[in-house]
Structures are given as structure tokens and as C-alpha cells.
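Asker: Structure incoming, see below.
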Amino acid sequence: MAGNGAPTVGVLALQGDFREHANVLRGLGADVTLVRRPEELAAVDGLVIPGGESSVMDKLSRTFGLAEPLKEAIDAGLPVYGTCAGLIMLADTIVDGIRGQRSLGGLDVAVRRNAFGSQGDSFETDLDVPALGWHPLHAVFIRAPIVESVGPRAKPLAALTDGRVVAVEQGNLLGTSFHPEVTGDTRFHEYFLAKVRAA
Amino acid sequence: MTNSTATGEQGSNRVKRGLAEMLKGGVIMDVVTPEQARIAEDAGAVAVMALERVPADIRSQGGVARMSDPDLIEAIIAEVSIPVMAKARIGHFVEAQVLQALNVDYIDESEVLSPADYVNHIDKWGFNVPFVCGATNLGEALRRINEGAAMIRSKGEAGTGDVSEATKHIRKIKSEIAQLTSMSKDELYVAAKELQAPYELVAEIAETGKLPVVLFTAGGVATPADAAMMMQLGADGVFVGSGIFKSGSPEKRAAAVVKATTFYDDPAVIAEVSRGLGEAMVGINVSDLAAPHRLAERGW
């Protein structure tokens, strides 16, 4: 990023819990801007894609001319963090998408939508995330996706006890199946902001 | 009730309220067939409400309106991958048990159906699946939250295409919240009494300035501009009941309402998506409805 001030972090605000991300990022000292249009994207040092319905974000991002600039920004190295639907948007391959659903891509992973079943199967649990320190991270999974396969360029950051991968990174990209924005544990956002500051 | 399983704790408050958080900024559409559910998903709905008759038909056909046939609900769940909600009658805890057994993603304890209990609502804490409930004012919303509702929708007057009641209810809830935030601590005890709501919830809202759960709006939303107005009035998202599939071109109208909900503060986008949608649902003026036919008055 340019200059010495606080980084400007965009939060994709087409649908979902973008305000929760904005609040966490502001609390960590970032300048936050909500992104719904290409010109708003051009002004950010990093971007968060929130939780929500990935098929809706995909549709709206294409309809309003945001998908192509987003892909170009990802290719050019923009730091992007996706939670849940955001992880699906960042995956190179979507498994069980709706008819015609596309992703932006960038993460060398295949991600399965709604991998746990219906809302009754949603859950919260403690996760070990070595990259964030020894203290376990409390994670909330809501009709969550799972990283079904991890390609050579991506690196798993956390898995459930059964081995299924739920957090990955690749260069400036970060993705989690779960929602750190709703638990008050800010370590994933801090980890992401470090990428933004270093970019 | 929460269960501990191999994948952690299910049915917790955070997990139940969390799904509603993820629906924010979105449109939830009433559908009566798998084909309609498919159209809704393709148009960008964040969830569908599976039911046998939309409110406009419940109104015109009359009779007792009940939970939908499990076959229909399952067929809709099989057709789409976005969340599927379904309605139980107010107080009908067995319909709710059935809906949970069918693996619906959200249960709407709804005044659109005929109430099964004119005194008690369902004890919603006892379920793994989250509930959304209607409210016409803050006290009603807080009573539902106290019973375990994980999401609130303002009621409006379903099946009319007349948005005036939805406007009234969302404005009422928002202004009652604003009043609480300006009260001194010693006034909150009386406020709780007058709202007929638990003091703890009243004090929490006075502190935070918002409901502890997501607030959608419903009832009479028929156009993109209606949806955008509800968002500008402070709704987190909208339910569209009869408004889409009782209109001239459901596919176009559904997609237009979705876009207007995201760009609710941009009149140029709302103007653009409002063009050429064909006929809106015919509608009934709420003031022409005899009092017994007003659904918003069901629930207490």
C-alpha cells in the first residue's frame, strides 16, 4: 500500500454480513469502504468478501460489472479475504454450485457449497490454527462450505478433527469456511491486515 | 436445546441467529412449486419460503390455512441449494417439529396461516432449527425474541400488495428502538412494562440501539421501489410473498427486486430495474379489508 496511514480495506457489499466485517476492520484501525461498484474497488488496498449467499454475490457482481475488475485485481495481487460465501467466490473450482454459478477464482482449491447439509447441521467449534498461535480459535460454521481439495499452490491453515480443510491461504489470498466476523476473535482479520500492509 | 457432536455444538443461539445474518441485504421469496423455487434461485433470492398457497390466495380462498404438505416442502428442498424456509401456524409446535424433521433451514411461525393457539406462541428455544417471527411493534418483537426467535420480520399486511402496513410496522419498531436509546436507566423499567417485554432485552436495546437479531420486513412488498424503501427505512432485507408470482413476469420482477434491494440507495439503479416489468400484482387496499381479515393482528 502507498503512504504511511491506515490501509483502506474494501468490503464487498452486494449481500451478506458485510457490516460485521466493516466493524471488525474499523476496530483494528483500518479505513473501511463498502464496495458495490468498479470505481469503489479501485480505491482499496485490500478486500474482504463476506458471508452470505455466494450465488447471489456471483450474479450481482457480474450484472453490475464488478466481476471482471475483481478478477483482474486478484490476478494483480490485491489481498483478498473471503469468509464462507467469500471462500466460494475465491475458489478456482466450485462443487455443487447453482446452475451457471461462477467464481472469481484465485485460490487453487475446490470448494463444496453447503458441505454439511441444512441449517440444523450448522455448528460452532474450537479450531487449532497454528498460523495464529497456540490458542484455539472459536469458529462458527453456517451452512458452510468445505475445502474439498487443495492444489499445490494453496496452503491449508486449519482443518476439522476429521481432517476436512476449513481455512486456506495462497499468497495474498485468504479463505475460511467459517465466520470470524461474528465471534469477536479478530486474529484472522489481523492476519489479513498484515498482508494488506505488506502488499 | 444444543447438541454436542463430532462437528461441535449445534443449534446454539449464535448458529441460529447467524444464518439470518448471512441473509442480510437479500430477498426471500414465497414459492409454491419447485419450478417457482428454481426461478427464485436463478433470479438471486437468498432463500425461499415453501408454501402451498401464497398469502393472496389464502385471502381469496379463505378457510383454515395450515403447514404445507411435506412432499411439497421436500420437493422444493430437493430443487434448490439456497436455504428453504417453511411456515408453521402460530403456537402449533407439532407443525414446527415436523418442519424440523423435514430439515427446513428456518421455520416461520406465521400469522399468514390460521393460528393454532390464541394465547401462546411456540417455545422456540426447544428447537435446533431457527425461527423467524412477525412483529408489528418493538414489544411484540421482543416477546418473540424472548421465546427464542432468531430473526424478526415486520408483519405488514400479507397478500395485499399494499406496502403501507409494512411501512407502518418497520417505522414503529425503528422509532421505539430510538426512543429507548434516549431514555435514562431509571426509565427503562417502565418502558419494559409498557412494551410488555423483558427488562433485560429492553436494557440491551437501549444500550446497543438495535435488535439482537436480524430485522427483515414483509407484507405487501410488490415492486423494486417498495423493497428499496424498506431498506432505506432500516430493514436488513425483505420478504416478498405474493408480489412476485402474482405478477405479470415473475422472472424479471424477482431479479429486479433483488437488484433494488442491493442498490436500495441508488435511484438510478432502481429506475433502471423498474422498467418494463409488466403488471404488478393487482392488490387490495388494506383499508378496504374488514378487520377480521387483517392478518397482522394475529399474534400478540
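Here's how to read the names in the C-alpha cells: chain A, B, ... by the order shown, residue numbers from 1 in each chain, ligand numbers from 1 in the order shown.
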Show me, as a ChimeraX atom specification, every residue of chain B with an atom at most 6 Å from chain A, counting only C-alpha atoms.
Answerer: /B:8-10,21-25,44,46,105,128-129,262
Asker: Tell me, as JSON, numbers by chain, which residues lie within 12 Å of Gly27 of chain A, counting only C-alpha atoms; anything in the same chain fewer than 2 positions away does not count.
Answerer: {"A": [6, 20, 21, 22, 23, 24, 25, 29, 30, 31, 32, 181, 184, 185, 186, 189, 190, 193]}
Asker: Output N, CA, C and O atoms for every residue in that selection, as an mmCIF file, in the first residue's frame.
Answerer:
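Just written: result02.cif:
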data_model
loop_
_atom_site.group_PDB
_atom_site.id
_atom_site.type_symbol
_atom_site.label_atom_id
_atom_site.label_comp_id
_atom_site.auth_asym_id
_atom_site.auth_seq_id
_atom_site.Cartn_x
_atom_site.Cartn_y
_atom_site.Cartn_z
ATOM 1 N N ALA A 6 -3.464 4.600 7.697
ATOM 2 C CA ALA A 6 -4.196 3.352 7.843
ATOM 3 C C ALA A 6 -4.529 2.812 6.462
ATOM 4 O O ALA A 6 -4.803 3.584 5.539
ATOM 5 N N GLU A 20 -20.681 -6.514 9.575
ATOM 6 C CA GLU A 20 -19.921 -7.144 10.663
ATOM 7 C C GLU A 20 -18.421 -7.093 10.343
ATOM 8 O O GLU A 20 -17.606 -6.779 11.205
ATOM 9 N N HIS A 21 -18.070 -7.396 9.086
ATOM 10 C CA HIS A 21 -16.657 -7.284 8.696
ATOM 11 C C HIS A 21 -16.169 -5.844 8.819
ATOM 12 O O HIS A 21 -15.074 -5.588 9.305
ATOM 13 N N ALA A 22 -16.989 -4.909 8.350
ATOM 14 C CA ALA A 22 -16.587 -3.496 8.399
ATOM 15 C C ALA A 22 -16.311 -3.079 9.842
ATOM 16 O O ALA A 22 -15.328 -2.392 10.125
ATOM 17 N N ASN A 23 -17.163 -3.527 10.758
ATOM 18 C CA ASN A 23 -16.977 -3.161 12.166
ATOM 19 C C ASN A 23 -15.676 -3.730 12.725
ATOM 20 O O ASN A 23 -14.954 -3.041 13.449
ATOM 21 N N VAL A 24 -15.394 -4.999 12.407
ATOM 22 C CA VAL A 24 -14.157 -5.606 12.915
ATOM 23 C C VAL A 24 -12.948 -4.855 12.359
ATOM 24 O O VAL A 24 -12.019 -4.503 13.097
ATOM 25 N N LEU A 25 -12.967 -4.585 11.061
ATOM 26 C CA LEU A 25 -11.815 -3.936 10.426
ATOM 27 C C LEU A 25 -11.606 -2.525 10.968
ATOM 28 O O LEU A 25 -10.482 -2.101 11.215
ATOM 29 N N GLY A 29 -8.409 -0.508 13.190
ATOM 30 C CA GLY A 29 -7.728 0.693 12.707
ATOM 31 C C GLY A 29 -7.708 0.890 11.203
ATOM 32 O O GLY A 29 -7.051 1.805 10.710
ATOM 33 N N ALA A 30 -8.423 0.041 10.462
ATOM 34 C CA ALA A 30 -8.442 0.213 9.002
ATOM 35 C C ALA A 30 -9.490 1.260 8.610
ATOM 36 O O ALA A 30 -10.488 1.446 9.311
ATOM 37 N N ASP A 31 -9.252 1.938 7.504
ATOM 38 C CA ASP A 31 -10.304 2.735 6.879
ATOM 39 C C ASP A 31 -11.122 1.776 6.026
ATOM 40 O O ASP A 31 -10.552 1.046 5.214
ATOM 41 N N VAL A 32 -12.425 1.783 6.217
ATOM 42 C CA VAL A 32 -13.248 0.787 5.523
ATOM 43 C C VAL A 32 -14.145 1.471 4.509
ATOM 44 O O VAL A 32 -14.734 2.514 4.788
ATOM 45 N N GLU A 181 -15.968 -12.970 11.754
ATOM 46 C CA GLU A 181 -16.582 -11.645 11.946
ATOM 47 C C GLU A 181 -17.726 -11.676 12.960
ATOM 48 O O GLU A 181 -18.157 -10.617 13.411
ATOM 49 N N GLY A 184 -15.970 -12.230 17.542
ATOM 50 C CA GLY A 184 -15.175 -11.330 18.369
ATOM 51 C C GLY A 184 -13.693 -11.682 18.410
ATOM 52 O O GLY A 184 -12.896 -10.942 18.977
ATOM 53 N N ASP A 185 -13.295 -12.828 17.843
ATOM 54 C CA ASP A 185 -11.871 -13.162 17.752
ATOM 55 C C ASP A 185 -11.342 -12.534 16.461
ATOM 56 O O ASP A 185 -11.726 -12.930 15.367
ATOM 57 N N THR A 186 -10.440 -11.553 16.616
ATOM 58 C CA THR A 186 -10.047 -10.753 15.433
ATOM 59 C C THR A 186 -8.764 -11.250 14.765
ATOM 60 O O THR A 186 -8.235 -10.586 13.873
ATOM 61 N N HIS A 189 -8.659 -11.442 10.944
ATOM 62 C CA HIS A 189 -8.651 -10.111 10.324
ATOM 63 C C HIS A 189 -7.292 -9.430 10.488
ATOM 64 O O HIS A 189 -6.821 -8.749 9.582
ATOM 65 N N GLU A 190 -6.658 -9.633 11.659
ATOM 66 C CA GLU A 190 -5.321 -9.058 11.861
ATOM 67 C C GLU A 190 -4.309 -9.703 10.906
ATOM 68 O O GLU A 190 -3.460 -9.016 10.328
ATOM 69 N N LEU A 193 -4.904 -8.161 7.620
ATOM 70 C CA LEU A 193 -4.423 -6.773 7.547
ATOM 71 C C LEU A 193 -2.894 -6.724 7.427
ATOM 72 O O LEU A 193 -2.348 -5.816 6.786
#
Asker: Could you give me, as a list in words, each residue of segment 114-161 of chain A that DSSP assigns to helix (DSSP H, G or I) when run on this structure's backbone?
Answerer: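 Those in segment 114-161 of chain A that DSSP calls helix (DSSP H, G or I) are Gln119, Gly120, Asp121, Pro130, Ala131 and Leu132 of chain A.
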Asker: Please provide the set of residues having any atom within 7 Å of Ala110 of chain A, restricted to only C-alpha atoms, with same-chain residues fewer than 2 positions apart removed, written as number ranges by chain.
Answerer: A: 91-95, 112, 147-150
Asker: For segment 182-192 of chain B, please output as JSON, numbers by chain all residues within 9 Å (counting only C-alpha atoms; exclusion window: fewer than 5 positions along the same chain).
Answerer: {"B": [139, 197, 198, 199, 200, 201, 202, 203, 206]}
Asker: Using Å and a single decimal, report how far atom CA of Lys246 of chain B sits from atom CA of Glu109 of chain B.
Answerer: 22.9 Å
Asker: Which neighbours of segment 167-171 of chain B fall inside 8 Å, counting only C-alpha atoms, when residues of the same chain fewer than 6 positions from it are skipped, and could you give them as a PyMOL selection string?
Answerer: chain B and resi 135-137+154-156+217+230+233-235
Asker: Env of Glu39 of chain A: 12 Å cut, atoms = only C-alpha atoms, seq-sep filter 6 positions within chain, self excluded. Answer as a list in words.
Answerer: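 Here the qualifying residues turn out to be Gly10, Thr33, Phe64, Gly65, Leu66, Pro69 and Leu70 of chain A.
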Asker: Please write the residues from the selection above to a file, keeping all heavy atoms, as a tab-separated table (two decimals), in the first residue's frame.
Answerer:
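Once written, out28.tsv looks like this:
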chain	number	residue	atom	x	y	z
A	10	GLY	N	-11.61	-2.54	1.48
A	10	GLY	CA	-12.98	-2.61	0.97
A	10	GLY	C	-13.67	-3.85	1.50
A	10	GLY	O	-13.03	-4.86	1.80
A	33	THR	N	-14.23	0.88	3.34
A	33	THR	CA	-15.16	1.38	2.35
A	33	THR	C	-15.97	0.20	1.80
A	33	THR	O	-15.42	-0.88	1.58
A	33	THR	CB	-14.40	2.17	1.25
A	33	THR	OG1	-15.24	2.33	0.14
A	33	THR	CG2	-13.17	1.48	0.81
A	64	PHE	N	-23.44	-6.13	-12.40
A	64	PHE	CA	-23.05	-4.73	-12.21
A	64	PHE	C	-21.58	-4.47	-12.55
A	64	PHE	O	-20.98	-3.50	-12.09
A	64	PHE	CB	-23.41	-4.26	-10.79
A	64	PHE	CG	-24.90	-4.12	-10.62
A	64	PHE	CD1	-25.67	-5.17	-10.13
A	64	PHE	CD2	-25.54	-2.95	-11.00
A	64	PHE	CE1	-27.05	-5.05	-10.00
A	64	PHE	CE2	-26.92	-2.81	-10.88
A	64	PHE	CZ	-27.68	-3.87	-10.38
A	65	GLY	N	-20.99	-5.36	-13.37
A	65	GLY	CA	-19.67	-5.09	-13.93
A	65	GLY	C	-18.53	-5.12	-12.94
A	65	GLY	O	-17.49	-4.50	-13.16
A	66	LEU	N	-18.70	-5.86	-11.84
A	66	LEU	CA	-17.67	-5.90	-10.82
A	66	LEU	C	-16.81	-7.16	-10.93
A	66	LEU	O	-15.67	-7.18	-10.47
A	66	LEU	CB	-18.36	-5.86	-9.45
A	66	LEU	CG	-17.58	-5.42	-8.23
A	66	LEU	CD1	-16.94	-4.06	-8.45
A	66	LEU	CD2	-18.49	-5.38	-7.02
A	69	PRO	N	-13.30	-6.63	-13.07
A	69	PRO	CA	-12.30	-5.87	-12.31
A	69	PRO	C	-11.82	-6.61	-11.06
A	69	PRO	O	-10.64	-6.51	-10.69
A	69	PRO	CB	-13.04	-4.59	-11.91
A	69	PRO	CG	-14.19	-4.48	-12.84
A	69	PRO	CD	-14.52	-5.86	-13.31
A	70	LEU	N	-12.71	-7.37	-10.43
A	70	LEU	CA	-12.30	-8.15	-9.26
A	70	LEU	C	-11.28	-9.21	-9.63
A	70	LEU	O	-10.25	-9.37	-8.96
A	70	LEU	CB	-13.53	-8.84	-8.63
A	70	LEU	CG	-14.30	-8.06	-7.58
A	70	LEU	CD1	-15.62	-8.77	-7.26
A	70	LEU	CD2	-13.48	-7.93	-6.30
Asker: Do you know which residues are at most 10 Å from Gly276 of chain B counting only C-alpha atoms, after dropping those on the same chain fewer than 3 positions away, and could you put them as a PyMOL selection string?
Answerer: chain B and resi 249+252-253+272-273+279
Asker: Could you write out the selected residues, including N, CA and C atoms, as a PDB file, in the first residue's frame?
Answerer:
ATOM      1  N   SER B 249     -44.608 -10.797 -14.982  1.00  0.00           N
ATOM      2  CA  SER B 249     -43.417 -11.551 -15.381  1.00  0.00           C
ATOM      3  C   SER B 249     -42.522 -11.798 -14.177  1.00  0.00           C
ATOM      4  N   LYS B 252     -38.505 -11.570 -14.300  1.00  0.00           N
ATOM      5  CA  LYS B 252     -37.948 -10.220 -14.379  1.00  0.00           C
ATOM      6  C   LYS B 252     -38.165  -9.464 -13.071  1.00  0.00           C
ATOM      7  N   ARG B 253     -39.358  -9.598 -12.524  1.00  0.00           N
ATOM      8  CA  ARG B 253     -39.661  -8.849 -11.299  1.00  0.00           C
ATOM      9  C   ARG B 253     -38.785  -9.341 -10.146  1.00  0.00           C
ATOM     10  N   GLU B 272     -33.815   1.987 -13.350  1.00  0.00           N
ATOM     11  CA  GLU B 272     -33.444   1.087 -14.446  1.00  0.00           C
ATOM     12  C   GLU B 272     -34.128  -0.280 -14.306  1.00  0.00           C
ATOM     13  N   VAL B 273     -34.077  -0.835 -13.103  1.00  0.00           N
ATOM     14  CA  VAL B 273     -34.633  -2.188 -12.939  1.00  0.00           C
ATOM     15  C   VAL B 273     -36.158  -2.172 -12.912  1.00  0.00           C
ATOM     16  N   GLU B 279     -47.223  -6.173 -15.491  1.00  0.00           N
ATOM     17  CA  GLU B 279     -48.191  -5.820 -14.470  1.00  0.00           C
ATOM     18  C   GLU B 279     -47.751  -6.283 -13.072  1.00  0.00           C
TER      19      GLU B 279
END
Asker: Quick check, in Å to one decimal: how far apart do atom CA of Trp125 of chain B and atom CA of Gly11 of chain B lie?
Answerer: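 Computed distance, atom CA of Trp125 of chain B to atom CA of Gly11 of chain B, equals 9.2 Å.
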Asker: Can you measure atom CA of Val44 of chain A to atom CA of Val9 of chain A for me? One decimal in Å is fine.
Answerer: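 One can read the atom CA of Val44 of chain A to atom CA of Val9 of chain A distance as 5.4 Å.
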Asker: Using DSSP on the backbone, list every residue of chain A that comes out as strand (DSSP E), and give them as a ChimeraX atom specification.
Answerer: /A:8-12,31-35,46-49,80-83,91-95,107-112,123-127,137-141,146-150,155-159,165-170,173-176
Asker: Would you mind telling me which residue in B:Ala225, B:Ala101, B:Val258, B:Gly148 lies nearest to Ala271 of chain B when using only C-alpha atoms?
Answerer: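 The closest residue to Ala271 of chain B is B:Ala225.
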